[in-house]
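One structure below.
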Amino acid sequence: MKILLIAESREGKLLGSCYELMAFAEKMAAETAMVLVGSDSALPRFAGKLYLADATAVGEYNPDAHKQLILDVVAKEQADMVVFSHSSYGWDLAPRIAFAMKAAQISEVVDVVDGTMVVPVCNAKLRRDVTVKTAKTVVTLQAGAFGLAEEPTAAPTVEPIRVEAGGKVRFTGYEQAEIGGVDLGKAKIIVSAGRGIGKPENVAMIAALAKALGGEYGASRPVVDSEWVEHNRQVGTTGQTVAPKLYIACGISGAIQHLAGMKKSEFIVAVNTDKDAPIGDVADVLVVADLKQFVPLLTEKIQAL
Amino acid sequence: MKILVCIKQVPDMESKFKVDAGGTWYAKTDLAWRMNEYDEYAVEQAVQLKEQEKDGDLTVLCIGSEKVKETMKKALAMGCDRGAHITDEEVSGKEPYQIAGIIAEYAKDKNFDLIFTGMQSQDRGSAQVGILVAEMLGIPGITTVVRFAFKDGVVDVKRELEGGIKACVSVNAPAVITCQLGLNTPRYPTLPNIMKAKKKELLSTPVQELLKVEARQETAKMYFPEKKGGGLVLEGDAAALADQLIKILKEKTAVLS
Ligand SMILES: Cc1cc2nc3c(=O)[nH]c(=O)nc-3n(C[C@H](O)[C@H](O)[C@H](O)COP(=O)(O)OP(=O)(O)OC[C@H]3O[C@@H](n4cnc5c(N)ncnc54)[C@H](O)[C@@H]3O)c2cc1C
Ligand SMILES: Nc1ncnc2c1ncn2[C@@H]1O[C@H](COP(=O)(O)O)[C@@H](O)[C@H]1O
């Protein structure tokens, strides 16, 4: 079995997720080769062949060109499987590659058990084992699901590849995330509001608890998308990654993209009416309660200490 | 201008799930059903575009049982002009390649200028259908869109990347756009629009007429993940819970000292 690993680079930097791809391949006990549209000044440590295209020539986002580059290498390496991260890059490209290879695509793999891929269902409340009926397979891996015991030290054997840069989609540049205001990364205590707060007026009770504890308040994405809380307080893959001493998640279900931003917190408390909410998997304490009752009570009692 | 928006009916994610008798999907009984969250953004964007373009004509498509018509009626009340219901009592067994195949077969000779889908479905979460439809129709597809504008046949969008960075991208219609959270604020259907929606066309086509591709994968087994354990679950009276939690925080963390 030969697996082709697709590394990613963003704004000239190699993303560390390439080591997760290697960990997956190790678990599959497969031969590997790697493709990167990036730069020869930011190479992954990888004991194998790296097919490298220059991102300044091809464009970091150019689905038609990246697809062609990957398919050329698939043909050359006779790859049985192509592996991406389940990221903005991976979920954009993987179906294009799967379609061209007449392959089944298994999305967001979290585990491999005796060669069977396991994926989450319904916000990780359930899981399923997937079997494919095609000769070739394309896989995307959930961020953080696979890790190497040790980072490799070897340097890859680089083989340059190129393709016509054209394509139907025109990439005109990046827009940076807004910065400024609070720096959640510095807060020792964070109390976060999720969609379970129900209405914007209830942000105040979350902020009050944070204040009583001497911390900052944060939020899950839907609360930010609804403009109840500003973006620089969003915790998760498309917001900030935090690791405070105490993280209290109020009315947050625990989607993987939120967990990715806070699961390294030292102590995690979740307040949720749903005893089965996935946030329970990472919480040290799950308080099964209506936050609208519980949070003001807790705040009062803490203020009285 | 012809627009298509594809929606899926999914269970409310706060439901109590059970695995069905076959052991390969969740049981469909005792669940509250709604429009896939990502598809609400897709419908809203499609309706806004239709309102912007004077000759806009918007079809909403959904593959599923009779019951999905309830969700389609919401899309019609939000402003879609007609519904294309693809009747399929076995839709939960269809994998993304088949779903995309059905949509592409429906769309292939209808010359849609734009097709909107959700970035992913909340239950299956494959994030494949939109791009597969684009590939099958041979038109460009752009994923995870959080800003959308259309002018003179050109689509200008922002794709959301990790960490909140956005990639600015443009493409000529026809194209497929997959919609991400935060693209817009989906409207609530008003009562007059709910009444109007009842008179809109909602035609059903049996799935057999459109399903021309074979499944490429299947679910061998569905189950609950093992609880990672360790976590303490506190239940009971709110005031007592607050006291319990304070005690734990004092013992286990240094934040209250
Ligand atoms: C590419 C991508 C990137 C993303 N990036 C992020 C990100 O950076 N950050 C992020 O947070 N999300 C992100 N998301 C969204 C993520 O998938 C979830 O949709 C989101 O985290 C859900 O937010 P939530 O938990 O607040 O809401 P929900 O999932 O709706 O959960 C609400 C919770 O509140 C509970 N609840 C309801 N009422 C009460 C009450 N009265 N008292 C107590 N509990 C109550 C419910 O039981 C439920 O568990 C991203 C998604 C994608 C696809
Ligand atoms: N049964 C269905 N009927 C219509 N559209 C669907 C269906 N299933 C998925 N889709 C569309 O495809 C998108 C992505 O789904 P998925 O690839 O399953 O994550 C959804 O957001 C919908 O727009």
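So you can find residues: chains in the structure tokens are A, B, ... in the order shown, residues in each start at 1, and ligands are numbered from 1 in order.
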Point to revise | Backbone-only DSSP, alpha helix (DSSP H) members of stretch 78-296 of chain A, as a PyMOL selection string | key: chain A and resi 90-101+203-213+221-225+256-262+291-296
Review point. What do you get as a VMD selection string if you pick all residues at most 8 Å from ligand 2, counting only C-alpha atoms and all ligand atoms?
Key: chain B and resid 5 to 9 36 to 39 42 61 to 64 86 91 to 92 95 to 96 99 to 100 103 116 to 130 178 to 179
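For B:Asn111, the residues within 12 Å (counting only C-alpha atoms, excluding itself and residues fewer than 2 positions away along the chain) are Met1, Lys2, Ile3, Leu4, Asp57, Ala104, Glu105, Tyr106, Ala107, Lys108, Asp109, Asp113, Leu114, Ile115, Leu137, Ile139, Ala173, Pro174 and Ala175 of chain B.
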Filtering to N, CA, C and O atoms, could you give me those residues as a tab-separated table (two decimals), in the first residue's frame?
```
chain	number	residue	atom	x	y	z
B	1	MET	N	-31.69	34.95	-14.39
B	1	MET	CA	-30.63	34.18	-13.75
B	1	MET	C	-31.23	33.01	-12.98
B	1	MET	O	-32.17	33.18	-12.20
B	2	LYS	N	-30.69	31.83	-13.22
B	2	LYS	CA	-31.23	30.62	-12.56
B	2	LYS	C	-30.34	30.18	-11.40
B	2	LYS	O	-29.14	29.99	-11.57
B	3	ILE	N	-30.95	30.01	-10.25
B	3	ILE	CA	-30.20	29.66	-9.04
B	3	ILE	C	-30.78	28.38	-8.44
B	3	ILE	O	-32.00	28.19	-8.42
B	4	LEU	N	-29.90	27.53	-7.96
B	4	LEU	CA	-30.32	26.31	-7.26
B	4	LEU	C	-29.71	26.31	-5.86
B	4	LEU	O	-28.53	26.65	-5.69
B	57	ASP	N	-34.39	33.51	-10.47
B	57	ASP	CA	-35.37	32.42	-10.36
B	57	ASP	C	-34.71	31.32	-9.53
B	57	ASP	O	-33.67	30.79	-9.90
B	104	ALA	N	-26.44	16.45	-9.47
B	104	ALA	CA	-25.85	16.79	-10.77
B	104	ALA	C	-26.75	16.31	-11.91
B	104	ALA	O	-26.92	17.00	-12.92
B	105	GLU	N	-27.35	15.15	-11.74
B	105	GLU	CA	-28.25	14.62	-12.76
B	105	GLU	C	-29.46	15.54	-12.93
B	105	GLU	O	-29.90	15.83	-14.04
B	106	TYR	N	-29.97	16.03	-11.78
B	106	TYR	CA	-31.10	16.97	-11.83
B	106	TYR	C	-30.69	18.25	-12.53
B	106	TYR	O	-31.43	18.82	-13.34
B	107	ALA	N	-29.48	18.74	-12.22
B	107	ALA	CA	-29.07	20.08	-12.66
B	107	ALA	C	-28.47	20.11	-14.06
B	107	ALA	O	-28.38	21.18	-14.67
B	108	LYS	N	-28.08	18.95	-14.60
B	108	LYS	CA	-27.17	18.95	-15.76
B	108	LYS	C	-27.69	19.70	-16.98
B	108	LYS	O	-26.93	20.37	-17.65
B	109	ASP	N	-28.98	19.62	-17.27
B	109	ASP	CA	-29.46	20.32	-18.48
B	109	ASP	C	-30.30	21.55	-18.13
B	109	ASP	O	-31.07	22.03	-18.95
B	113	ASP	N	-27.02	29.23	-13.12
B	113	ASP	CA	-25.87	30.14	-13.08
B	113	ASP	C	-25.10	29.96	-11.80
B	113	ASP	O	-23.89	30.10	-11.76
B	114	LEU	N	-25.84	29.71	-10.72
B	114	LEU	CA	-25.17	29.48	-9.44
B	114	LEU	C	-25.88	28.37	-8.68
B	114	LEU	O	-27.11	28.28	-8.70
B	115	ILE	N	-25.08	27.54	-8.01
B	115	ILE	CA	-25.63	26.49	-7.16
B	115	ILE	C	-25.05	26.69	-5.76
B	115	ILE	O	-23.83	26.79	-5.60
B	137	LEU	N	-20.47	18.47	-12.85
B	137	LEU	CA	-21.02	19.37	-13.87
B	137	LEU	C	-19.91	20.06	-14.66
B	137	LEU	O	-20.18	20.78	-15.62
B	139	ILE	N	-17.96	22.52	-13.59
B	139	ILE	CA	-17.89	23.97	-13.33
B	139	ILE	C	-17.08	24.20	-12.04
B	139	ILE	O	-16.90	23.28	-11.26
B	173	ALA	N	-19.43	32.93	-13.14
B	173	ALA	CA	-20.54	31.99	-13.14
B	173	ALA	C	-20.49	31.24	-14.48
B	173	ALA	O	-19.99	31.79	-15.46
B	174	PRO	N	-20.98	30.00	-14.55
B	174	PRO	CA	-21.62	29.24	-13.47
B	174	PRO	C	-20.60	28.66	-12.49
B	174	PRO	O	-19.47	28.36	-12.87
B	175	ALA	N	-21.06	28.52	-11.23
B	175	ALA	CA	-20.18	27.97	-10.20
B	175	ALA	C	-21.02	27.41	-9.07
B	175	ALA	O	-22.21	27.69	-8.96
```
Using only C-alpha atoms, find which residues of chain A lie within 7 Å of chain B and jot them down as a CSV table (one decimal) with N, CA, C and O atoms, in the first residue's frame.
```csv
chain,number,residue,atom,x,y,z
A,88,SER,N,-9.4,23.7,5.8
A,88,SER,CA,-10.0,24.5,4.7
A,88,SER,C,-9.3,24.1,3.3
A,88,SER,O,-9.9,24.2,2.3
A,91,TRP,N,-10.6,20.0,2.7
A,91,TRP,CA,-12.0,19.7,2.3
A,91,TRP,C,-12.3,20.4,0.9
A,91,TRP,O,-13.2,20.1,0.3
A,92,ASP,N,-11.4,21.4,0.5
A,92,ASP,CA,-11.6,22.0,-0.8
A,92,ASP,C,-11.1,21.1,-1.9
A,92,ASP,O,-11.7,20.9,-2.9
A,95,PRO,N,-12.3,16.3,-2.4
A,95,PRO,CA,-13.4,15.8,-3.3
A,95,PRO,C,-13.0,15.9,-4.8
A,95,PRO,O,-13.4,15.0,-5.6
A,96,ARG,N,-12.2,16.9,-5.1
A,96,ARG,CA,-11.8,17.0,-6.5
A,96,ARG,C,-10.8,15.9,-6.9
A,96,ARG,O,-10.9,15.3,-8.0
A,99,PHE,N,-12.8,12.6,-7.0
A,99,PHE,CA,-13.6,12.5,-8.2
A,99,PHE,C,-12.8,12.0,-9.4
A,99,PHE,O,-13.1,11.1,-10.1
A,104,ALA,N,-13.5,6.5,-3.4
A,104,ALA,CA,-14.3,6.9,-2.3
A,104,ALA,C,-13.5,7.9,-1.5
A,104,ALA,O,-12.3,7.8,-1.3
A,107,SER,N,-14.3,11.3,5.0
A,107,SER,CA,-14.0,12.6,5.6
A,107,SER,C,-13.8,12.5,7.1
A,107,SER,O,-14.6,11.9,7.8
A,121,VAL,N,-20.1,11.3,13.7
A,121,VAL,CA,-21.4,11.6,13.2
A,121,VAL,C,-22.1,12.5,14.2
A,121,VAL,O,-21.9,12.4,15.4
A,122,CYS,N,-23.0,13.4,13.7
A,122,CYS,CA,-23.8,14.2,14.6
A,122,CYS,C,-23.0,14.9,15.7
A,122,CYS,O,-23.2,14.7,16.9
A,123,ASN,N,-22.1,15.8,15.3
A,123,ASN,CA,-21.3,16.6,16.2
A,123,ASN,C,-20.6,15.7,17.2
A,123,ASN,O,-20.5,16.0,18.4
A,125,LYS,N,-21.4,13.0,18.5
A,125,LYS,CA,-22.2,12.2,19.5
A,125,LYS,C,-22.1,10.7,19.2
A,125,LYS,O,-22.2,9.9,20.0
A,126,LEU,N,-22.0,10.4,17.9
A,126,LEU,CA,-21.9,9.0,17.4
A,126,LEU,C,-20.7,8.9,16.6
A,126,LEU,O,-20.0,9.8,16.1
A,127,ARG,N,-20.3,7.6,16.3
A,127,ARG,CA,-19.2,7.3,15.4
A,127,ARG,C,-19.7,6.3,14.4
A,127,ARG,O,-20.6,5.5,14.7
A,128,ARG,N,-19.0,6.2,13.3
A,128,ARG,CA,-19.3,5.1,12.4
A,128,ARG,C,-18.0,4.5,11.8
A,128,ARG,O,-17.0,5.3,11.6
A,129,ASP,N,-18.0,3.2,11.5
A,129,ASP,CA,-16.9,2.6,10.8
A,129,ASP,C,-17.3,2.6,9.3
A,129,ASP,O,-18.4,2.3,9.0
A,130,VAL,N,-16.4,3.0,8.5
A,130,VAL,CA,-16.7,3.1,7.0
A,130,VAL,C,-15.9,2.1,6.2
A,130,VAL,O,-14.7,1.9,6.5
A,131,THR,N,-16.5,1.4,5.3
A,131,THR,CA,-15.8,0.6,4.4
A,131,THR,C,-16.0,1.1,2.9
A,131,THR,O,-17.0,1.6,2.6
A,132,VAL,N,-14.9,1.0,2.1
A,132,VAL,CA,-15.0,1.5,0.8
A,132,VAL,C,-15.2,0.4,-0.2
A,132,VAL,O,-14.8,-0.8,0.0
A,133,LYS,N,-15.8,0.7,-1.4
A,133,LYS,CA,-16.0,-0.3,-2.4
A,133,LYS,C,-15.1,0.0,-3.6
A,133,LYS,O,-15.3,-0.6,-4.7
A,134,THR,N,-14.2,1.0,-3.5
A,134,THR,CA,-13.4,1.4,-4.7
A,134,THR,C,-12.0,0.9,-4.4
A,134,THR,O,-11.6,0.6,-3.3
A,168,LYS,N,-9.6,28.3,-13.3
A,168,LYS,CA,-10.8,29.2,-13.4
A,168,LYS,C,-11.0,30.1,-12.2
A,168,LYS,O,-11.7,31.1,-12.2
A,169,VAL,N,-10.4,29.7,-11.0
A,169,VAL,CA,-10.6,30.4,-9.8
A,169,VAL,C,-9.4,31.4,-9.6
A,169,VAL,O,-8.3,31.0,-9.7
A,170,ARG,N,-9.8,32.7,-9.4
A,170,ARG,CA,-8.7,33.7,-9.2
A,170,ARG,C,-8.6,34.0,-7.7
A,170,ARG,O,-9.5,34.5,-7.1
A,171,PHE,N,-7.4,33.8,-7.2
A,171,PHE,CA,-7.1,34.1,-5.8
A,171,PHE,C,-6.5,35.5,-5.7
A,171,PHE,O,-5.4,35.7,-6.4
A,172,THR,N,-7.0,36.4,-5.0
A,172,THR,CA,-6.5,37.8,-5.0
A,172,THR,C,-5.8,38.2,-3.8
A,172,THR,O,-5.3,39.3,-3.7
A,173,GLY,N,-5.7,37.3,-2.8
A,173,GLY,CA,-5.0,37.7,-1.6
A,173,GLY,C,-5.7,37.3,-0.3
A,173,GLY,O,-6.8,36.9,-0.3
A,174,TYR,N,-5.0,37.5,0.8
A,174,TYR,CA,-5.5,37.2,2.1
A,174,TYR,C,-6.1,38.4,2.8
A,174,TYR,O,-5.6,39.5,2.6
A,175,GLU,N,-7.1,38.2,3.7
A,175,GLU,CA,-7.5,39.2,4.6
A,175,GLU,C,-7.3,38.8,6.0
A,175,GLU,O,-7.7,37.7,6.4
A,176,GLN,N,-6.5,39.5,6.7
A,176,GLN,CA,-6.1,39.0,8.1
A,176,GLN,C,-7.2,39.2,9.0
A,176,GLN,O,-8.1,40.0,8.9
A,177,ALA,N,-7.2,38.3,10.1
A,177,ALA,CA,-8.2,38.4,11.1
A,177,ALA,C,-8.0,39.7,11.9
A,177,ALA,O,-6.9,40.2,12.0
A,225,ASP,N,-20.8,35.0,15.4
A,225,ASP,CA,-21.4,35.2,14.1
A,225,ASP,C,-22.7,36.0,14.3
A,225,ASP,O,-23.0,36.8,13.4
A,237,THR,N,-10.9,26.8,16.2
A,237,THR,CA,-10.0,26.8,15.1
A,237,THR,C,-10.0,28.1,14.3
A,237,THR,O,-9.0,28.5,13.8
A,238,THR,N,-11.2,28.7,14.1
A,238,THR,CA,-11.2,30.0,13.4
A,238,THR,C,-11.1,31.2,14.3
A,238,THR,O,-11.4,32.3,13.9
A,239,GLY,N,-10.9,30.9,15.6
A,239,GLY,CA,-10.7,32.1,16.5
A,239,GLY,C,-9.4,31.9,17.2
A,239,GLY,O,-8.4,31.6,16.5
A,240,GLN,N,-9.4,32.0,18.5
A,240,GLN,CA,-8.1,31.8,19.3
A,240,GLN,C,-8.0,30.5,19.9
A,240,GLN,O,-8.9,29.8,20.2
A,281,ASP,N,-16.8,15.2,27.2
A,281,ASP,CA,-15.6,14.4,27.0
A,281,ASP,C,-14.3,15.0,27.4
A,281,ASP,O,-13.3,14.4,27.7
A,283,ALA,N,-14.4,17.8,29.7
A,283,ALA,CA,-14.7,18.6,30.9
A,283,ALA,C,-14.2,17.8,32.1
A,283,ALA,O,-14.5,16.6,32.2
A,284,ASP,N,-13.6,18.4,33.1
A,284,ASP,CA,-13.3,17.8,34.4
A,284,ASP,C,-14.5,17.7,35.2
A,284,ASP,O,-14.8,16.8,35.9
A,285,VAL,N,-15.4,18.8,35.0
A,285,VAL,CA,-16.7,18.8,35.7
A,285,VAL,C,-17.7,19.2,34.7
A,285,VAL,O,-17.6,20.2,34.1
A,286,LEU,N,-18.8,18.4,34.6
A,286,LEU,CA,-19.9,18.8,33.8
A,286,LEU,C,-21.1,19.1,34.7
A,286,LEU,O,-21.6,18.2,35.5
A,287,VAL,N,-21.5,20.3,34.8
A,287,VAL,CA,-22.7,20.7,35.6
A,287,VAL,C,-23.9,20.7,34.7
A,287,VAL,O,-24.0,21.4,33.8
A,288,VAL,N,-24.8,19.7,35.0
A,288,VAL,CA,-26.0,19.6,34.2
A,288,VAL,C,-27.0,20.6,34.8
A,288,VAL,O,-27.6,20.3,35.8
A,289,ALA,N,-27.2,21.7,34.1
A,289,ALA,CA,-28.0,22.8,34.7
A,289,ALA,C,-28.4,23.8,33.6
A,289,ALA,O,-27.6,23.9,32.6
A,293,GLN,N,-30.0,30.0,35.2
A,293,GLN,CA,-30.2,29.9,36.7
A,293,GLN,C,-28.9,29.8,37.4
A,293,GLN,O,-28.6,30.4,38.3
A,294,PHE,N,-28.1,28.8,36.8
A,294,PHE,CA,-26.8,28.5,37.5
A,294,PHE,C,-25.8,29.6,37.5
A,294,PHE,O,-25.2,29.8,38.5
A,297,LEU,N,-26.3,32.4,40.0
A,297,LEU,CA,-26.1,31.9,41.4
A,297,LEU,C,-24.7,31.7,41.7
A,297,LEU,O,-24.2,32.1,42.8
A,298,LEU,N,-23.9,31.1,40.8
A,298,LEU,CA,-22.5,30.9,41.0
A,298,LEU,C,-21.8,32.2,41.2
A,298,LEU,O,-20.9,32.3,42.1
```
Residues of chain A that have any atom at most 9 Å from an atom of ligand 1: could you tabulate them with the shortest-distance atom pair and the distance in Å to one decimal, using only C-alpha atoms and all ligand atoms, ordered by chain and increasing number, as CSV?
```
residue,atom,partner,partner_atom_place_in_ligand_line,distance
A:Ser87,CA,ligand 1,1 (C),7.2
A:Ser88,CA,ligand 1,1 (C),6.7
A:Asn123,CA,ligand 1,17 (O),7.5
A:Ser192,CA,ligand 1,26 (O),8.9
A:Ala193,CA,ligand 1,26 (O),6.8
A:Gly194,CA,ligand 1,26 (O),3.2
A:Arg195,CA,ligand 1,26 (O),3.8
A:Gly196,CA,ligand 1,34 (O),3.4
A:Ile197,CA,ligand 1,41 (N),6.1
A:Gly198,CA,ligand 1,38 (N),6.6
A:Ala219,CA,ligand 1,11 (O),6.8
A:Ser220,CA,ligand 1,11 (O),3.4
A:Arg221,CA,ligand 1,11 (O),4.0
A:Pro222,CA,ligand 1,23 (O),5.4
A:Val223,CA,ligand 1,26 (O),6.6
A:Val224,CA,ligand 1,11 (O),8.6
A:Gln234,CA,ligand 1,9 (N),6.1
A:Val235,CA,ligand 1,9 (N),5.0
A:Gly236,CA,ligand 1,8 (O),3.2
A:Thr237,CA,ligand 1,8 (O),4.0
A:Thr238,CA,ligand 1,8 (O),3.6
A:Gly239,CA,ligand 1,8 (O),4.3
A:Gln240,CA,ligand 1,8 (O),7.0
A:Thr241,CA,ligand 1,8 (O),8.6
A:Ala249,CA,ligand 1,25 (O),8.7
A:Cys250,CA,ligand 1,43 (C),6.2
A:Gly251,CA,ligand 1,34 (O),3.4
A:Ile252,CA,ligand 1,25 (O),3.3
A:Ser253,CA,ligand 1,49 (O),3.3
A:Gly254,CA,ligand 1,25 (O),5.4
A:Ala255,CA,ligand 1,21 (O),4.9
A:Ile256,CA,ligand 1,17 (O),6.5
A:Gln257,CA,ligand 1,6 (C),4.6
A:His258,CA,ligand 1,11 (O),4.0
A:Leu259,CA,ligand 1,11 (O),7.7
A:Ala260,CA,ligand 1,8 (O),8.1
A:Gly261,CA,ligand 1,8 (O),7.0
A:Ala270,CA,ligand 1,44 (N),8.8
A:Val271,CA,ligand 1,43 (C),5.6
A:Asn272,CA,ligand 1,44 (N),3.5
A:Thr273,CA,ligand 1,44 (N),4.4
A:Asp274,CA,ligand 1,47 (O),4.3
A:Lys275,CA,ligand 1,47 (O),7.8
A:Asp276,CA,ligand 1,49 (O),8.3
A:Ala277,CA,ligand 1,49 (O),5.2
A:Pro278,CA,ligand 1,49 (O),7.7
A:Ile279,CA,ligand 1,49 (O),7.7
A:Val287,CA,ligand 1,43 (C),8.9
A:Val288,CA,ligand 1,43 (C),7.5
A:Ala289,CA,ligand 1,43 (C),5.8
A:Asp290,CA,ligand 1,42 (N),3.5
A:Leu291,CA,ligand 1,42 (N),3.9
A:Lys292,CA,ligand 1,41 (N),5.8
A:Gln293,CA,ligand 1,42 (N),8.1
A:Phe294,CA,ligand 1,42 (N),8.2
```
Take the residues from that selection and write them out as a CSV table (one decimal), in the first residue's frame, keeping C-alpha atoms.
```
chain,number,residue,atom,x,y,z
A,87,SER,CA,-8.9,21.6,6.9
A,88,SER,CA,-10.0,24.5,4.7
A,123,ASN,CA,-21.3,16.6,16.2
A,192,SER,CA,-17.2,31.3,27.5
A,193,ALA,CA,-20.7,31.8,26.2
A,194,GLY,CA,-22.2,29.4,23.7
A,195,ARG,CA,-25.4,29.4,21.7
A,196,GLY,CA,-27.1,28.0,24.9
A,197,ILE,CA,-27.2,31.6,26.3
A,198,GLY,CA,-30.2,32.0,24.1
A,219,ALA,CA,-17.5,32.8,23.1
A,220,SER,CA,-18.2,30.1,20.7
A,221,ARG,CA,-18.6,30.9,17.1
A,222,PRO,CA,-22.4,31.2,16.7
A,223,VAL,CA,-22.4,33.8,19.4
A,224,VAL,CA,-19.7,35.7,17.5
A,234,GLN,CA,-13.9,33.7,19.7
A,235,VAL,CA,-12.3,30.4,20.9
A,236,GLY,CA,-11.6,27.7,18.4
A,237,THR,CA,-10.0,26.8,15.1
A,238,THR,CA,-11.2,30.0,13.4
A,239,GLY,CA,-10.7,32.1,16.5
A,240,GLN,CA,-8.1,31.8,19.3
A,241,THR,CA,-6.4,28.9,20.9
A,249,ALA,CA,-17.9,26.6,28.9
A,250,CYS,CA,-21.5,27.8,29.3
A,251,GLY,CA,-24.1,26.5,26.8
A,252,ILE,CA,-21.4,25.2,24.5
A,253,SER,CA,-22.0,21.7,22.9
A,254,GLY,CA,-18.3,20.9,22.3
A,255,ALA,CA,-17.9,20.7,18.6
A,256,ILE,CA,-14.4,19.7,17.5
A,257,GLN,CA,-13.6,23.2,16.2
A,258,HIS,CA,-14.4,24.6,19.6
A,259,LEU,CA,-12.5,21.9,21.5
A,260,ALA,CA,-9.4,22.5,19.3
A,261,GLY,CA,-9.2,26.0,20.8
A,270,ALA,CA,-19.0,22.8,31.4
A,271,VAL,CA,-22.4,24.0,32.2
A,272,ASN,CA,-25.0,22.4,29.9
A,273,THR,CA,-28.6,21.2,30.0
A,274,ASP,CA,-27.6,18.2,27.8
A,275,LYS,CA,-25.9,15.5,29.8
A,276,ASP,CA,-24.7,13.9,26.6
A,277,ALA,CA,-23.2,17.0,25.1
A,278,PRO,CA,-19.7,16.2,23.7
A,279,ILE,CA,-18.1,18.9,25.8
A,287,VAL,CA,-22.7,20.7,35.6
A,288,VAL,CA,-26.0,19.6,34.2
A,289,ALA,CA,-28.0,22.8,34.7
A,290,ASP,CA,-29.8,25.7,32.9
A,291,LEU,CA,-27.0,28.3,32.7
A,292,LYS,CA,-29.6,31.1,33.1
A,293,GLN,CA,-30.2,29.9,36.7
A,294,PHE,CA,-26.8,28.5,37.5
```
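Each of A:Leu21, A:Lys211, A:Asn232, A:Ser265 was compared to A:Phe46 using only C-alpha atoms, and A:Leu21 turns out to be the nearest.
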Practice item. Determine which residues of stretch 107-292 of chain A DSSP labels as strand (DSSP E) from the backbone of this structure, then write them out as a PyMOL selection string. Key: chain A and resi 107-109+111-113+116-121+126-132+137-141+157-160+170-175+189-193+216-219+246-250+267-272+285-288
Practice item. Name the residues in contact with A:Lys186 at a cut-off of 9 Å, using only C-alpha atoms, excluding same-chain residues fewer than 6 positions from it; report them as a PyMOL selection string. Key: chain A and resi 242-244
Exercise for review: For atom CA of A:Ala75 and atom CA of A:Val163, quote the distance in Å rounded to one decimal.
Suggested key: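 Between atom CA of A:Ala75 and atom CA of A:Val163 the gap is 14.7 Å.
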Exercise for review: Show which residues sit within 12 Å of A:Ser85, as a ChimeraX atom specification. Count only C-alpha atoms, and ignore same-chain residues fewer than 6 positions away.
Suggested key: /A:5-9,15-24,91-94,106-110,138-146 /B:162
For A:Val74: contacts at 10 Å, only C-alpha atoms, fewer than 2 positions along chain excluded, given as a PDB file with C-alpha atoms, in the first residue's frame:
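Final output, selection.pdb:
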```
ATOM      1  CA  LYS A   2       1.311   3.411  -1.009  1.00  0.00           C
ATOM      2  CA  ILE A   3      -0.083   6.548   0.601  1.00  0.00           C
ATOM      3  CA  LEU A   4       0.414  10.024  -0.783  1.00  0.00           C
ATOM      4  CA  ALA A  33       5.491   9.992  -0.539  1.00  0.00           C
ATOM      5  CA  VAL A  35       3.340  16.567  -2.019  1.00  0.00           C
ATOM      6  CA  GLN A  68      -3.342  18.687 -11.492  1.00  0.00           C
ATOM      7  CA  LEU A  69      -0.097  18.620  -9.517  1.00  0.00           C
ATOM      8  CA  ILE A  70      -1.436  16.035  -7.091  1.00  0.00           C
ATOM      9  CA  LEU A  71      -2.951  13.866  -9.823  1.00  0.00           C
ATOM     10  CA  ASP A  72       0.356  13.833 -11.702  1.00  0.00           C
ATOM     11  CA  LYS A  76       3.691   8.601 -11.006  1.00  0.00           C
ATOM     12  CA  GLU A  77       3.725   6.997  -7.561  1.00  0.00           C
ATOM     13  CA  GLN A  78       0.821   4.639  -8.278  1.00  0.00           C
ATOM     14  CA  ALA A  79      -0.664   5.748  -4.955  1.00  0.00           C
ATOM     15  CA  ASP A  80      -3.506   3.701  -3.475  1.00  0.00           C
ATOM     16  CA  MET A  81      -4.550   6.362  -1.041  1.00  0.00           C
ATOM     17  CA  VAL A  82      -4.295  10.145  -0.831  1.00  0.00           C
ATOM     18  CA  ILE A  97      -8.999  14.408  -6.230  1.00  0.00           C
ATOM     19  CA  MET A 101      -9.377   9.085  -9.119  1.00  0.00           C
TER      20      MET A 101
END
```
**Study point:** Gap from atom CA of B:Gly83 to atom CA of B:Ser204 - Å, one decimal
**Key:** 8.4 Å
